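Student: Below is the structure I would like to discuss, written out as C-alpha cells.
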Amino acid sequence: MPLPFLTADRPFDDVETVSRADAPLPYEELDRWRRPYRPGPWRVGGAALVLLFAAYLLFGALIMAMAGALPGAGACVAAGALVIVFAVRLLRVGAWVSARGLRRIGLFTTTTLPWEHVAAVRTVQQPVKWLGLPRTVQGQALVVATAAGEPPRPLLTDHNADFLGRAEAFDMAADSVEGWAADHAVAPARS
C-alpha cells in the first residue's frame with residue numbers, strides 16, 4: 001500500500017507531476033472561503049491561553065453548581081462561553097480568499113471586497129504594527145488597492161501574529177493571495 005505522505009521529501013522529477021499537483025481537485029469548491037496560509041504560532045498560542053482561561057471559568061462554574069450557587073454558576077458558564085467565542089474569533093482573524101473575492105476578518109469586523117473592486121495586490125515595505133499593538137516597526141505588508149482609488153489597505157504584515165519570525169511563510173502567503181488576485185481580479189479600465 002503506497003503511503004504518499006512519506007514521499008514528500010523526494011524532489012519532483014516529472015513536470016507532469018508538478019502541474020498535476022497545482023491543478024485544482026475536481027471536487028474542490030472554488031466558492032468556499034479559505035485561508036491561503038496556516039495560523040501562526042503566536043495566534044494559536046494566544047488562543048490556547050484564552051481557552052485555558054475558559055476552562056478555568058467552566059470548572060469554577062461546576063464547583064459553584066455543586067455548592068448550590070446556581071446564579072453564580074450561570075454567570076461563569078456565560079462568561080466561559082463568551083471567552084470560547086472570542087478564542088474562535090481570534091483563530092479566524094486573517095485574510096481569506098475565494099472565487100467571489102477577498103475577505104479580511106478582524107477581531108470585531110469583517111470586510112469583503114469582490115474581485116471586481118480589486119485593482120492591485122502587492123507587497124510593499126512600510127511601517128507595520130508589531131503583533132497588532134500600537135508600536136510600529138519597518139516591515140513588509142501585503143496591500144490591496146481598490147479600483148475606487150482608495151488608499152491601499154494592509155491585508156497581511158510580516159509582523160502580525162501569523163508571520164512574526166516566519167518570513168518565508170509570509171512570502172508564500174503573499175504569493176498565494178497575489179496569485180488568487182491575478183486569477184480572479186478584473187484589471188481596471190484605462191482611459
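Each chain in the C-alpha cells gets a letter, A, B and so on, in the order shown; residues start at 1 in every chain, and ligands are counted from 1 in the order they appear.
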Got a sec: who's within 10 Å of Gly74 of chain A, counting only C-alpha atoms, leaving out chain neighbours fewer than 2 positions off, as a PyMOL selection string?
Tutor: chain A and resi 58+61-62+64-65+69-72+76-80
Student: Would you save the residues of that selection, restricted to N, CA and C atoms, as a short mmCIF file (atom, residue, chain, number, x, y, z; two decimals), in the first residue's frame?
Tutor:
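Just written: again23.cif:
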data_model
loop_
_atom_site.label_atom_id
_atom_site.label_comp_id
_atom_site.auth_asym_id
_atom_site.auth_seq_id
_atom_site.Cartn_x
_atom_site.Cartn_y
_atom_site.Cartn_z
N LEU A 58 -15.17 27.55 33.36
CA LEU A 58 -16.16 26.46 33.35
C LEU A 58 -15.98 25.52 34.54
N ALA A 61 -17.50 27.22 37.36
CA ALA A 61 -18.97 27.11 37.29
C ALA A 61 -19.43 25.76 37.81
N LEU A 62 -18.67 24.71 37.52
CA LEU A 62 -19.02 23.37 38.02
C LEU A 62 -18.95 23.34 39.55
N MET A 64 -19.27 25.88 41.60
CA MET A 64 -20.36 26.69 42.13
C MET A 64 -21.70 25.95 42.03
N ALA A 65 -21.90 25.25 40.92
CA ALA A 65 -23.15 24.50 40.78
C ALA A 65 -23.24 23.38 41.80
N ALA A 69 -24.77 27.35 44.30
CA ALA A 69 -24.87 28.75 43.89
C ALA A 69 -25.14 28.80 42.38
N LEU A 70 -26.37 28.53 41.99
CA LEU A 70 -26.72 28.44 40.56
C LEU A 70 -26.61 29.77 39.81
N PRO A 71 -27.00 30.92 40.38
CA PRO A 71 -26.82 32.17 39.62
C PRO A 71 -25.34 32.46 39.30
N GLY A 72 -24.46 32.22 40.26
CA GLY A 72 -23.03 32.40 40.03
C GLY A 72 -22.49 31.42 39.01
N CYS A 76 -20.78 32.23 35.36
CA CYS A 76 -19.47 31.69 34.94
C CYS A 76 -19.58 30.93 33.62
N VAL A 77 -20.67 30.19 33.44
CA VAL A 77 -20.88 29.47 32.17
C VAL A 77 -21.03 30.46 31.02
N ALA A 78 -21.80 31.54 31.24
CA ALA A 78 -21.96 32.57 30.20
C ALA A 78 -20.63 33.24 29.88
N ALA A 79 -19.85 33.57 30.91
CA ALA A 79 -18.54 34.18 30.68
C ALA A 79 -17.60 33.21 29.96
N GLY A 80 -17.64 31.93 30.33
CA GLY A 80 -16.82 30.93 29.65
C GLY A 80 -17.21 30.78 28.19
#
Student: DSSP on the backbone: which residues in chain A end up as strand (DSSP E)? Give the answer as an MDAnalysis selection string.
Tutor: chainID A and resid 94:97 101:105 110:114 118:129 136:146 153:157
Student: Determine the nearest neighbour of Leu82 of chain A from the options A:Leu51, A:Ala120, A:Ile105, A:Val97, counting only C-alpha atoms.
Tutor: A:Leu51
Student: List the neighbours of Val177 of chain A out to 9 Å using only C-alpha atoms; skip same-chain residues closer than 2 positions along the sequence, and give me the result as JSON, numbers by chain.
Tutor: {"A": [36, 95, 96, 97, 102, 121, 142, 172, 173, 174, 175, 179, 180, 181, 182]}
